[in-house]
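Heads up, upload_38.cif below (mmCIF, C-alpha atoms and all ligand atoms):
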```
data_query
#
loop_
_atom_site.label_atom_id
_atom_site.label_comp_id
_atom_site.auth_asym_id
_atom_site.auth_seq_id
_atom_site.Cartn_x
_atom_site.Cartn_y
_atom_site.Cartn_z
CA MET A 1 91.25 88.39 135.59
CA ARG A 2 89.73 90.88 137.95
CA ILE A 3 92.12 93.38 139.54
CA SER A 4 89.77 96.36 139.84
CA ASP A 5 88.96 95.27 143.41
CA LYS A 6 92.61 94.71 144.43
CA PRO A 7 94.97 97.21 146.19
CA ILE A 8 96.98 97.58 142.96
CA ALA A 9 94.00 99.37 141.35
CA ALA A 10 94.60 102.52 143.45
CA ARG A 11 98.34 102.52 142.64
CA LEU A 12 97.60 102.22 138.92
CA LYS A 13 95.12 105.09 139.15
CA GLU A 14 97.85 107.27 140.71
CA LEU A 15 99.91 106.61 137.55
CA GLY A 16 97.04 107.88 135.41
CA VAL A 17 96.04 104.41 134.24
CA GLU A 18 92.37 104.00 133.40
CA LEU A 19 91.01 100.68 134.67
CA ARG A 20 88.01 99.14 132.93
CA PRO A 21 86.61 96.07 134.65
CA ASP A 22 85.18 93.01 132.89
CA VAL A 23 85.76 94.04 129.30
CA ASP A 24 84.44 91.69 126.61
CA LEU A 25 87.40 91.31 124.26
CA ALA A 26 85.12 89.93 121.54
CA GLU A 27 84.16 93.58 121.05
CA GLU A 28 87.78 94.65 120.65
CA THR A 29 88.89 92.17 118.01
CA SER A 30 88.17 92.07 114.29
CA LEU A 31 87.27 88.37 114.61
CA GLY A 32 84.64 89.17 117.25
CA ILE A 33 86.12 86.44 119.45
CA GLY A 34 87.57 86.73 122.95
CA GLY A 35 86.77 86.33 126.64
CA ILE A 36 86.42 88.68 129.58
CA THR A 37 89.11 90.48 131.57
CA ASP A 38 90.03 93.81 133.16
CA GLU A 39 91.61 96.31 130.84
CA LEU A 40 94.23 98.97 131.62
CA ARG A 41 94.49 102.03 129.41
CA LEU A 42 97.75 103.97 129.76
CA HIS A 43 97.70 107.69 129.10
CA ARG A 44 101.45 108.32 129.24
CA TYR A 45 104.30 106.32 127.75
CA ASP A 46 106.75 107.25 130.50
CA THR A 47 104.63 105.51 133.14
CA LEU A 48 105.01 102.14 131.40
CA PRO A 49 108.09 100.92 133.35
CA GLN A 50 106.35 101.72 136.64
CA VAL A 51 103.11 100.04 135.55
CA MET A 52 105.03 96.94 134.50
CA ARG A 53 106.87 96.84 137.84
CA LEU A 54 103.58 97.12 139.75
CA LEU A 55 102.05 94.25 137.77
CA ALA A 56 105.16 92.09 138.18
CA ASP A 57 105.34 92.73 141.95
CA ALA A 58 101.65 91.80 142.31
CA GLY A 59 102.15 88.68 140.14
CA ILE A 60 99.56 89.81 137.58
CA PRO A 61 100.06 88.43 134.06
CA HIS A 62 99.34 90.80 131.17
CA ARG A 63 99.07 91.09 127.38
CA PHE A 64 99.26 94.19 125.18
CA LEU A 65 96.40 94.56 122.72
CA GLY A 66 97.01 96.74 119.66
CA GLY A 67 94.37 97.05 116.95
CA GLY A 68 93.03 93.55 117.74
CA THR A 69 93.05 92.64 114.05
CA ASN A 70 95.51 89.75 113.95
CA VAL A 71 94.77 87.97 117.19
CA LEU A 72 92.60 85.01 118.21
CA ILE A 73 91.78 85.27 121.92
CA ALA A 74 90.61 82.44 124.21
CA ASP A 75 87.02 82.28 125.47
CA GLY A 76 85.72 82.74 129.03
CA ASN A 77 87.39 84.40 132.00
CA LEU A 78 90.92 85.21 130.94
CA PRO A 79 93.86 84.73 133.34
CA TRP A 80 95.64 87.95 132.35
CA VAL A 81 94.79 91.64 132.11
CA VAL A 82 94.96 93.53 128.85
CA LEU A 83 96.95 96.73 128.40
CA HIS A 84 96.42 99.48 125.85
CA LEU A 85 99.12 102.02 125.00
CA PRO A 86 98.35 105.76 125.01
CA SER A 87 96.60 106.90 121.86
CA ALA A 88 96.23 110.33 120.32
CA TYR A 89 94.83 111.21 116.91
CA PRO A 90 96.48 111.04 114.39
CA GLY A 91 99.55 109.91 116.35
CA VAL A 92 101.86 110.99 113.51
CA ARG A 93 104.27 113.95 113.25
CA ILE A 94 106.07 114.77 110.02
CA ASP A 95 109.52 116.35 109.76
CA GLY A 96 110.93 116.40 106.23
CA ASN A 97 111.04 112.82 104.98
CA PHE A 98 110.61 111.42 108.47
CA ALA A 99 107.34 110.38 110.10
CA TYR A 100 107.33 109.92 113.88
CA VAL A 101 104.47 107.56 114.65
CA ASP A 102 102.92 106.26 117.89
CA ALA A 103 102.62 102.47 118.06
CA SER A 104 98.92 102.88 118.83
CA ALA A 105 98.28 104.88 115.62
CA ASP A 106 96.07 103.24 113.01
CA LEU A 107 98.21 101.88 110.15
CA GLY A 108 95.84 102.89 107.34
CA GLY A 109 95.38 106.35 108.90
CA THR A 110 99.16 106.73 109.06
CA VAL A 111 99.59 105.80 105.38
CA THR A 112 96.94 108.40 104.47
CA PHE A 113 98.35 111.10 106.75
CA CYS A 114 101.84 110.63 105.27
CA ALA A 115 100.37 110.66 101.73
CA LYS A 116 98.71 114.01 102.41
CA ASN A 117 102.18 115.27 103.32
CA ASP A 118 103.54 113.97 99.99
CA LEU A 119 105.29 111.02 101.59
CA GLY A 120 104.71 107.68 99.86
CA GLY A 121 106.15 104.17 99.75
CA MET A 122 103.56 102.55 101.99
CA GLU A 123 100.66 102.45 99.49
CA GLY A 124 100.53 98.63 99.63
CA LEU A 125 99.81 98.75 103.37
CA ILE A 126 96.71 100.91 103.03
CA GLY A 127 94.15 98.16 103.60
CA VAL A 128 96.07 96.28 106.28
CA PRO A 129 93.97 96.74 109.40
CA GLY A 130 95.48 97.31 112.83
CA SER A 131 97.94 99.50 114.67
CA VAL A 132 101.41 100.61 113.61
CA GLY A 133 102.89 98.77 116.63
CA GLY A 134 101.29 95.49 115.57
CA ALA A 135 102.42 96.01 111.98
CA LEU A 136 105.94 96.71 113.16
CA ARG A 137 106.21 93.65 115.39
CA MET A 138 104.96 91.32 112.60
CA ASN A 139 106.60 93.27 109.76
CA ALA A 140 103.18 93.54 108.11
CA GLY A 141 103.21 93.53 104.34
CA ALA A 142 101.02 93.52 101.27
CA TYR A 143 101.37 94.09 97.54
CA GLY A 144 105.16 94.11 97.67
CA THR A 145 105.50 96.56 100.57
CA GLN A 146 106.73 95.71 104.05
CA ILE A 147 106.76 98.27 106.84
CA GLY A 148 110.26 97.20 107.92
CA SER A 149 111.81 98.77 104.79
CA TYR A 150 111.01 102.25 106.09
CA VAL A 151 111.94 101.86 109.78
CA ARG A 152 114.85 104.01 110.92
CA GLU A 153 114.38 103.93 114.70
CA VAL A 154 112.09 102.21 117.19
CA GLU A 155 111.43 103.30 120.73
CA LEU A 156 110.42 100.27 122.77
CA TYR A 157 109.92 99.03 126.30
CA ARG A 158 112.38 96.21 126.86
CA ALA A 159 110.95 93.80 129.42
CA ALA A 160 114.41 92.23 129.88
CA THR A 161 115.79 95.49 131.34
CA GLY A 162 112.57 97.16 132.46
CA GLU A 163 113.63 100.30 130.55
CA ILE A 164 112.48 102.29 127.54
CA GLU A 165 115.16 102.07 124.82
CA THR A 166 115.72 103.35 121.30
CA VAL A 167 116.90 100.84 118.70
CA ARG A 168 118.23 101.81 115.26
CA GLY A 169 116.53 100.37 112.19
CA ASN A 170 119.69 98.64 110.97
CA GLU A 171 119.91 96.74 114.26
CA ILE A 172 116.52 95.10 113.63
CA ARG A 173 115.99 92.11 111.31
CA PHE A 174 112.77 92.28 109.30
CA ASP A 175 111.79 89.01 107.62
CA TYR A 176 108.51 87.77 106.11
CA ARG A 177 105.94 88.35 108.91
CA HIS A 178 108.74 88.10 111.47
CA THR A 179 111.14 90.46 113.25
CA SER A 180 114.09 90.12 115.61
CA PHE A 181 112.29 91.93 118.46
CA ALA A 182 112.07 89.87 121.66
CA PRO A 183 108.55 88.47 122.24
CA ASP A 184 108.11 90.71 125.30
CA ASP A 185 109.48 93.91 123.72
CA VAL A 186 106.68 96.48 123.53
CA MET A 187 106.73 98.81 120.53
CA LEU A 188 106.10 102.41 121.60
CA ARG A 189 107.05 104.75 118.75
CA VAL A 190 108.70 104.47 115.38
CA LYS A 191 110.60 106.81 113.07
CA LEU A 192 109.95 106.05 109.40
CA GLU A 193 111.83 107.50 106.43
CA LEU A 194 109.58 107.78 103.39
CA PRO A 195 110.21 108.82 99.79
CA SER A 196 108.75 112.16 98.60
CA ARG A 197 105.99 111.66 96.05
CA PRO A 198 103.10 113.89 94.93
CA TYR A 199 99.85 113.15 96.80
CA LYS A 200 97.91 112.40 93.63
CA ASP A 201 100.43 109.73 92.57
CA ILE A 202 100.30 108.11 96.00
CA LEU A 203 96.50 108.22 95.90
CA ALA A 204 96.50 106.44 92.53
CA GLY A 205 98.65 103.66 94.04
CA ILE A 206 96.36 103.43 97.07
CA ARG A 207 93.30 103.06 94.80
CA VAL A 208 94.91 100.18 92.88
CA CYS A 209 95.70 98.30 96.11
CA ASN A 210 92.22 98.93 97.51
CA GLU A 211 90.62 97.54 94.36
CA LYS A 212 92.80 94.42 94.36
CA ARG A 213 91.97 93.82 98.00
CA ARG A 214 88.23 94.36 97.51
CA ALA A 215 88.25 91.90 94.62
CA SER A 216 89.97 89.09 96.52
CA GLN A 217 89.36 89.45 100.28
CA PRO A 218 86.22 89.24 102.46
CA LEU A 219 86.46 92.79 103.80
CA ASN A 220 82.91 93.01 105.14
CA GLN A 221 83.18 89.90 107.30
CA LYS A 222 84.74 89.36 110.72
CA SER A 223 88.26 88.00 110.18
CA ALA A 224 91.87 88.36 111.28
CA GLY A 225 93.20 88.57 107.72
CA CYS A 226 95.19 85.56 106.59
CA ILE A 227 95.21 82.73 109.13
CA PHE A 228 98.37 80.97 107.89
CA LYS A 229 101.70 82.27 106.64
CA ASN A 230 102.53 81.36 103.08
CA PRO A 231 105.11 78.56 103.12
CA PRO A 232 108.23 79.27 101.01
CA GLY A 233 107.31 79.05 97.33
CA ALA A 234 103.65 78.15 97.97
CA SER A 235 100.32 79.85 98.71
CA ALA A 236 98.29 78.74 101.72
CA GLY A 237 95.12 80.23 100.18
CA ARG A 238 95.55 78.37 96.90
CA MET A 239 96.18 75.01 98.61
CA ILE A 240 93.12 75.36 100.87
CA ASP A 241 91.05 76.38 97.84
CA GLU A 242 92.33 73.40 95.81
CA LEU A 243 91.18 71.12 98.64
CA LYS A 244 87.67 72.56 98.12
CA LEU A 245 87.52 73.82 101.67
CA LYS A 246 85.90 77.21 100.97
CA GLY A 247 82.78 77.34 103.13
CA HIS A 248 84.06 74.50 105.38
CA ARG A 249 82.81 75.19 108.92
CA MET A 250 83.31 74.35 112.53
CA GLY A 251 80.47 75.88 114.53
CA ASP A 252 80.32 79.51 113.39
CA ALA A 253 83.95 79.57 112.22
CA ALA A 254 84.18 79.19 108.43
CA VAL A 255 86.73 79.23 105.63
CA SER A 256 85.82 82.32 103.59
CA ASP A 257 84.11 81.73 100.24
CA ARG A 258 86.13 84.59 98.82
CA HIS A 259 89.70 83.89 100.01
CA ALA A 260 90.54 80.48 101.44
CA ASN A 261 93.27 81.76 103.79
CA PHE A 262 90.74 84.04 105.53
CA PHE A 263 88.70 82.31 108.22
CA VAL A 264 85.59 84.24 109.19
CA ASN A 265 83.25 84.39 112.14
CA VAL A 266 79.83 84.01 110.54
CA GLY A 267 77.83 84.35 113.77
CA HIS A 268 78.94 83.71 117.32
CA ALA A 269 82.06 81.63 116.75
CA SER A 270 84.07 80.72 119.84
CA CYS A 271 87.83 80.52 120.02
CA THR A 272 87.39 76.74 120.30
CA ASP A 273 85.46 76.70 116.97
CA MET A 274 88.15 78.76 115.25
CA LEU A 275 91.06 76.72 116.67
CA GLY A 276 89.24 73.54 115.65
CA LEU A 277 88.89 74.82 112.10
CA ILE A 278 92.54 75.94 111.98
CA ASP A 279 93.79 72.54 113.17
CA ASP A 280 91.46 70.66 110.82
CA VAL A 281 92.59 72.66 107.77
CA ARG A 282 96.26 72.40 108.79
CA GLU A 283 95.86 68.61 109.04
CA ARG A 284 94.17 68.35 105.62
CA VAL A 285 96.92 70.44 103.98
CA ARG A 286 99.60 68.32 105.69
CA THR A 287 97.99 65.10 104.43
CA ALA A 288 97.50 66.38 100.87
CA TYR A 289 100.67 68.40 100.33
CA GLY A 290 103.08 67.30 103.08
CA ILE A 291 103.35 70.94 104.18
CA GLU A 292 102.87 72.07 107.78
CA LEU A 293 101.18 75.48 107.71
CA GLU A 294 102.33 77.96 110.35
CA ASN A 295 99.86 80.36 111.97
CA GLU A 296 100.00 83.96 110.81
CA VAL A 297 97.32 84.91 113.33
CA ILE A 298 98.57 85.30 116.91
CA VAL A 299 96.78 82.98 119.32
CA TRP A 300 96.29 83.98 122.98
CA LYS A 301 95.37 80.77 124.77
CA ASN A 302 94.34 80.64 128.42
N1 LIG A 401 94.30 81.95 95.65
C1 LIG A 401 93.39 80.99 95.30
N2 LIG A 401 92.28 80.84 96.06
C2 LIG A 401 92.05 81.59 97.17
C3 LIG A 401 92.97 82.59 97.52
C4 LIG A 401 94.11 82.74 96.75
O1 LIG A 401 93.59 80.27 94.33
O2 LIG A 401 91.01 81.40 97.81
C5 LIG A 401 95.48 82.16 94.80
C6 LIG A 401 95.42 83.50 94.07
O3 LIG A 401 94.70 83.41 92.89
C7 LIG A 401 96.89 83.81 93.87
C8 LIG A 401 97.57 83.17 95.08
O4 LIG A 401 96.65 82.22 95.60
O5 LIG A 401 97.35 83.20 92.72
C9 LIG A 401 97.95 84.19 96.14
O6 LIG A 401 96.78 84.85 96.60
P1 LIG A 401 96.72 86.40 96.97
O7 LIG A 401 97.28 87.20 95.86
O8 LIG A 401 95.36 86.70 97.47
O9 LIG A 401 97.78 86.57 98.12
P2 LIG A 401 98.05 85.71 99.39
O10 LIG A 401 99.42 85.11 99.23
O11 LIG A 401 96.95 84.75 99.69
C10 LIG A 401 99.25 87.63 100.69
C11 LIG A 401 99.24 88.04 102.12
C12 LIG A 401 98.07 88.97 102.39
C13 LIG A 401 98.15 90.18 101.47
C14 LIG A 401 98.16 89.69 100.02
C15 LIG A 401 98.37 90.82 99.04
C16 LIG A 401 100.13 86.26 103.49
C17 LIG A 401 99.82 85.09 104.38
N3 LIG A 401 99.08 86.87 102.95
O12 LIG A 401 98.07 86.83 100.51
O13 LIG A 401 98.18 89.41 103.73
O14 LIG A 401 97.06 91.05 101.69
O15 LIG A 401 99.26 88.76 99.83
O16 LIG A 401 99.70 91.25 99.05
O17 LIG A 401 101.30 86.60 103.33
C18 LIG A 401 97.56 89.07 106.02
O18 LIG A 401 98.75 89.25 106.28
O19 LIG A 401 96.71 88.84 106.90
C19 LIG A 401 97.15 89.12 104.62
C20 LIG A 401 95.90 88.96 104.26
#
```
Show the structure stored in the file as structure tokens.
Ligand code: EPU
Amino acid sequence: MRISDKPIAARLKELGVELRPDVDLAEETSLGIGGITDELRLHRYDTLPQVMRLLADAGIPHRFLGGGTNVLIADGNLPWVVLHLPSAYPGVRIDGNFAYVDASADLGGTVTFCAKNDLGGMEGLIGVPGSVGGALRMNAGAYGTQIGSYVREVELYRAATGEIETVRGNEIRFDYRHTSFAPDDVMLRVKLELPSRPYKDILAGIRVCNEKRRASQPLNQKSAGCIFKNPPGASAGRMIDELKLKGHRMGDAAVSDRHANFFVNVGHASCTDMLGLIDDVRERVRTAYGIELENEVIVWKN
């Protein structure tokens, strides 16, 4: 969607929003898949309610893009603009056992920054790509750690009220790859409480997780991590592997040879290729095991 030539562009500029026309989202996602749209980069959190009001008044649909690591975006000209939250490096401030983190901060960078300040607990999350906001919304987890366990407060933009609000950790439900946030809540900042641990001990834990991940996941290929959630008591990766689907392709979208729940873009895969592969594998698993796999990857269709 092109808004850079519309009257709203000047109003957004007045709010300090940077407008980038015709951005190829394939370059902003770890899958290397996605169409074209205008992109808005916010530079201040407090302008968000005004920006959202402007977009709503002009009838312009939008999506927030975090790290782009767990999303499959439609091809072609997209019917919505993409917003990016303000980002500053490292986006983390430490005060005692608390870490105050921007949603746009890199999750791995945050784990490392906290470790250097002798704050641990999140070692398992080290290799999970993406932003802290994305991790928070999905309750990202790996190797027995889930980010939700450490959340004490979240500052968010609540679309329902049009206001920025602070929610206490114990008011949020964190389940497996799911949270009680409303779908249109926008994570802005989070306060984490982390256990004190010497840096060298945290580093040892980080190394173990990195090695496990390197041994089992296709880290040097374009992917969005696991495509399906694990059904209760079962492993999506193991079932797909048992069906001998490693290497199975649709166009340039392929089931990874290394981990069957990772689908990779081996060339110039389109969203249609990837969705075709996802549906095909889901169908085969349903037929063989009677289990309906649920997407873990977030799909942005046209
Ligand atoms: N397995 C196979 N073949 C495969 C892949 C896995 O037989 O191709 C078997 C493994 O041998 C193991 C079992 O399936 O016995 C589970 O595999 P793994 O330990 O790799 O974990 P996973 O359940 O497939 C989950 C998360 C990952 C996370 C790892 C490590 C989900 C959907 N996936 O994978 O998260 O990194 O555990 O904690 O919950 C992601 O969220 O995108 C993601 C990759």
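For the pair atom CA of A:Asn220 and atom CA of A:Val266, the interatomic distance is 10.9 Å.
By all atoms listed in the file, and with residues fewer than 4 positions from A:Glu27 along its chain excluded, the set lying at most 12 Å from it is Asp22, Val23, Leu31, Gly32, Ile33, Gly34, Gly35, Ile36, Gly67, Gly68, Thr69, Ile73, Lys222 and His268 of chain A.
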Would you list the residues near (100.4, 110.0, 107.8), meaning any protein, DNA or RNA residue with an atom at most 12 Å from that point in file coordinates, counting all atoms listed in the file, as a PyMOL selection string?
chain A and resi 89-95+97-102+105-123+126+132+191-194+199+202
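The closest residue to A:Glu292, picked from A:Gly141, A:Phe228, A:Gly267, A:Met250 and counting only C-alpha atoms, is A:Phe228.
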Surroundings of ligand LIG 401 (chain A) up to 9 Å, based on all atoms listed in the file, as a ChimeraX atom specification
/A:69-70,124-125,127-129,140-145,176-177,209,212-213,216-217,224-231,234-242,246,256-262,295-297
Which residue of A:Leu275, A:Gly233, A:Pro79, A:Gly169 approaches A:Asp252 most closely, using all atoms listed in the file
A:Leu275
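Interatomic distance, atom CA of A:Leu156 against atom CA of A:Asp175: 18.9 Å.
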Interatomic distance between atom CA of A:Gly133 and atom CA of A:Val186?
8.2 Å
Please put the answer as lines of an AutoDock Vina configuration file: centre and edge lengths, in Å with one decimal, of a box along x, y and z that encloses all listed atoms of stretch 174-179 of chain A plus 3 Å on each side.
```
center_x = 109.4
center_y = 90.0
center_z = 109.7
size_x = 12.8
size_y = 10.5
size_z = 13.1
```
Within 7 Å of (105.7, 85.9, 116.6) in the file's own coordinates, which protein, DNA or RNA residues have an atom, counting all atoms listed in the file? List them as a VMD selection string.
chain A and resid 138 178 183
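Among A:Ser149, A:Leu293, A:Val285, A:Leu72, the residue with the shortest atom-to-atom distance to A:Phe263, counting only C-alpha atoms, is A:Leu72.
Checking A:Arg137, A:Lys244, A:Arg197, A:Arg44 one by one against A:Gly66, counting all atoms listed in the file, you find the shortest gap at A:Arg137.
Considering the residues A:Val208, A:Val190, A:Leu85, A:Ile164 and counting only C-alpha atoms, A:Arg152 has its shortest atom-to-atom contact with A:Val190.
You can rank A:Pro49, A:Pro218, A:Pro7, A:Pro21 by their closest distance to A:Ala160 using all atoms listed in the file, and at the top of that list sits A:Pro49.
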